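Engineer: Structure provided below as structure tokens; questions to follow.
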Amino acid sequence: RLIAYRDGLYVKGRLEKALAAPDGYFDPILAVHRIESFKATDRTFERPKNRSKRNGRTFGFMPGEAFGVKVRFKQPAACYVADRVWSDCQKLTPRRDGSLDLQFTATSQPEVISWVLSFGREAELLEPANLRQQIAAICKEISGVYLP
């Protein structure tokens with residue numbers, strides 16, 4: 001399966017050794033521009049149900065345990081966020097001031113942190129608290145680089 005994400009193109013595959021013993025292996029996601037060679041085979045497999053994504057499609061490439069996320073977006077990011085599906089069970093809550101609260105399910109903490117930070121001051125992670133603390137620490141480090 002080919003996946004377009006941000007400015008990259010990725011391929012989701014299956015390790016050949018995982019065909020014999022699927023438990024203990026995950027389906028790798030590889031950057032197309034880094035693939036030097038591959039060998040196509042005529043072997044097929046049943047696509048396994050991803051246990052970390054019990055509730056359907058979730059936010060994040062990396063596999064992991066599903067967790068809830070809540071982010072508040074100011075305009076104009078709120079319009080961008082409202083036009084997209086971030087997870088199958090997302091909930092959008094418009095606010096009177098034009099901002100928007102998005103609740104969704106994710107499987108990758110690093111990807112959530114990176115994504116929220118990519119919106120700059122137009123996004124505020126409200127939940128989970130441990131990720132909010134990590135973002136606060138990152139912002140403090142960043143401000144140390146730019147402030148005297």
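Here's how to read the names in the structure tokens: chain A, B, ... by the order shown, residue numbers from 1 in each chain, ligand numbers from 1 in the order shown.
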DSSP on the backbone: what in chain A comes out alpha helix (DSSP H), as a PyMOL selection string?
Structural biologist: chain A and resi 16-20+77-82+109-118+129-146
Engineer: Select from chain A everything DSSP, run on the backbone, classes as strand (DSSP E), then give the selection as an MDAnalysis selection string.
Structural biologist: chainID A and resid 2:5 8:12 29:31 67:73 91:94 100:106 123:127
Engineer: Can you work out which one of A:Ala123, A:Leu117, A:Leu9, A:Ile135 has the shortest atom-to-atom distance to A:Ala78, counting only C-alpha atoms?
Structural biologist: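 For A:Ala78, the nearest of the candidates is A:Ala123.
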Engineer: Rounded to one decimal in Å, what is the spacing between atom CA of A:Ala136 and atom CA of A:Ala66?
Structural biologist: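 Separating atom CA of A:Ala136 from atom CA of A:Ala66 is a distance of 22.3 Å.
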Engineer: I'd like the neighbourhood of A:Ala77 as a tab-separated table (two decimals) with N, CA and C atoms, in the first residue's frame, where a residue qualifies if any of its atoms comes within 12 Å (using only C-alpha atoms), though same-chain residues fewer than 5 positions away should be ignored.
Structural biologist:
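result_10.tsv was written with the following content:
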chain	number	residue	atom	x	y	z
A	71	VAL	N	-7.19	18.64	21.32
A	71	VAL	CA	-6.40	19.81	20.93
A	71	VAL	C	-7.35	20.95	20.60
A	72	ARG	N	-7.01	22.16	21.02
A	72	ARG	CA	-7.78	23.37	20.67
A	72	ARG	C	-7.01	24.12	19.60
A	82	ALA	N	-10.87	21.20	10.67
A	82	ALA	CA	-12.27	20.78	10.54
A	82	ALA	C	-12.56	20.09	9.21
A	83	ASP	N	-11.76	20.36	8.19
A	83	ASP	CA	-11.99	19.80	6.86
A	83	ASP	C	-11.40	18.40	6.67
A	84	ARG	N	-10.77	17.85	7.69
A	84	ARG	CA	-10.08	16.57	7.54
A	84	ARG	C	-10.54	15.54	8.57
A	98	GLY	N	-14.54	31.17	17.60
A	98	GLY	CA	-14.04	30.75	16.30
A	98	GLY	C	-13.01	29.64	16.38
A	99	SER	N	-12.58	29.33	17.58
A	99	SER	CA	-11.64	28.23	17.72
A	99	SER	C	-12.40	26.90	17.67
A	100	LEU	N	-11.66	25.82	17.70
A	100	LEU	CA	-12.25	24.50	17.53
A	100	LEU	C	-11.52	23.51	18.42
A	101	ASP	N	-12.27	22.67	19.12
A	101	ASP	CA	-11.67	21.57	19.88
A	101	ASP	C	-11.82	20.29	19.07
A	102	LEU	N	-10.72	19.58	18.92
A	102	LEU	CA	-10.70	18.30	18.22
A	102	LEU	C	-10.31	17.21	19.20
A	116	VAL	N	1.16	18.70	16.72
A	116	VAL	CA	0.66	19.87	17.46
A	116	VAL	C	1.65	21.03	17.34
A	118	SER	N	3.63	21.64	14.99
A	118	SER	CA	3.68	22.16	13.62
A	118	SER	C	2.67	23.29	13.40
A	119	PHE	N	1.68	23.41	14.26
A	119	PHE	CA	0.69	24.49	14.15
A	119	PHE	C	1.12	25.74	14.92
A	120	GLY	N	2.25	25.68	15.61
A	120	GLY	CA	2.74	26.84	16.35
A	120	GLY	C	1.74	27.30	17.39
A	121	ARG	N	1.56	28.62	17.48
A	121	ARG	CA	0.67	29.17	18.50
A	121	ARG	C	-0.81	29.00	18.19
A	122	GLU	N	-1.12	28.42	17.03
A	122	GLU	CA	-2.53	28.21	16.67
A	122	GLU	C	-3.11	26.93	17.26
A	123	ALA	N	-2.28	26.12	17.97
A	123	ALA	CA	-2.77	24.87	18.56
A	123	ALA	C	-2.32	24.78	20.01
A	124	GLU	N	-3.20	24.24	20.84
A	124	GLU	CA	-2.88	23.97	22.24
A	124	GLU	C	-3.35	22.56	22.57
Engineer: Nearest to A:Lys12: which of A:Pro128, A:Lys39, A:Ser87, A:Phe61 is it, counting only C-alpha atoms?
Structural biologist: A:Phe61
Engineer: If you count only C-alpha atoms, which residues fall within 7 Å of A:Lys91, apart from same-chain ones fewer than 2 positions away, as a PyMOL selection string?
Structural biologist: chain A and resi 89+93+102-104
Engineer: Only all heavy atoms, please: the residues just picked out, written as a compact mmCIF listing (two decimals), in the first residue's frame.
Structural biologist:
# COMPACT_ATOMS: atom_id res chain seq x y z
N CYS A 89 -13.08 8.04 15.08
CA CYS A 89 -13.96 8.42 16.19
C CYS A 89 -13.75 9.87 16.63
O CYS A 89 -14.04 10.21 17.77
CB CYS A 89 -13.75 7.46 17.37
SG CYS A 89 -12.09 7.52 18.05
N THR A 93 -15.67 20.19 18.13
CA THR A 93 -16.53 21.07 18.93
C THR A 93 -16.17 22.52 18.62
O THR A 93 -15.15 23.04 19.11
CB THR A 93 -16.34 20.80 20.44
OG1 THR A 93 -16.55 19.41 20.68
CG2 THR A 93 -17.32 21.62 21.26
N LEU A 102 -10.72 19.58 18.92
CA LEU A 102 -10.70 18.30 18.22
C LEU A 102 -10.31 17.21 19.20
O LEU A 102 -9.28 17.30 19.85
CB LEU A 102 -9.69 18.33 17.07
CG LEU A 102 -9.34 16.99 16.43
CD1 LEU A 102 -10.54 16.40 15.68
CD2 LEU A 102 -8.15 17.14 15.49
N GLN A 103 -11.17 16.20 19.32
CA GLN A 103 -10.85 15.01 20.10
C GLN A 103 -10.71 13.86 19.12
O GLN A 103 -11.54 13.71 18.21
CB GLN A 103 -11.95 14.72 21.11
CG GLN A 103 -12.03 15.74 22.23
CD GLN A 103 -13.16 15.42 23.18
OE1 GLN A 103 -14.27 15.90 22.98
NE2 GLN A 103 -12.87 14.64 24.19
N PHE A 104 -9.67 13.06 19.29
CA PHE A 104 -9.44 11.94 18.38
C PHE A 104 -8.61 10.87 19.08
O PHE A 104 -8.14 11.06 20.20
CB PHE A 104 -8.77 12.41 17.09
CG PHE A 104 -7.39 13.01 17.27
CD1 PHE A 104 -6.25 12.25 17.04
CD2 PHE A 104 -7.25 14.33 17.63
CE1 PHE A 104 -4.99 12.81 17.20
CE2 PHE A 104 -5.99 14.89 17.78
CZ PHE A 104 -4.85 14.12 17.56
Engineer: Neighbours of stretch 1-3 of chain A within 9 Å (only C-alpha atoms; same-chain residues fewer than 4 positions away dropped), as a PyMOL selection string?
Structural biologist: chain A and resi 8-13+29+32
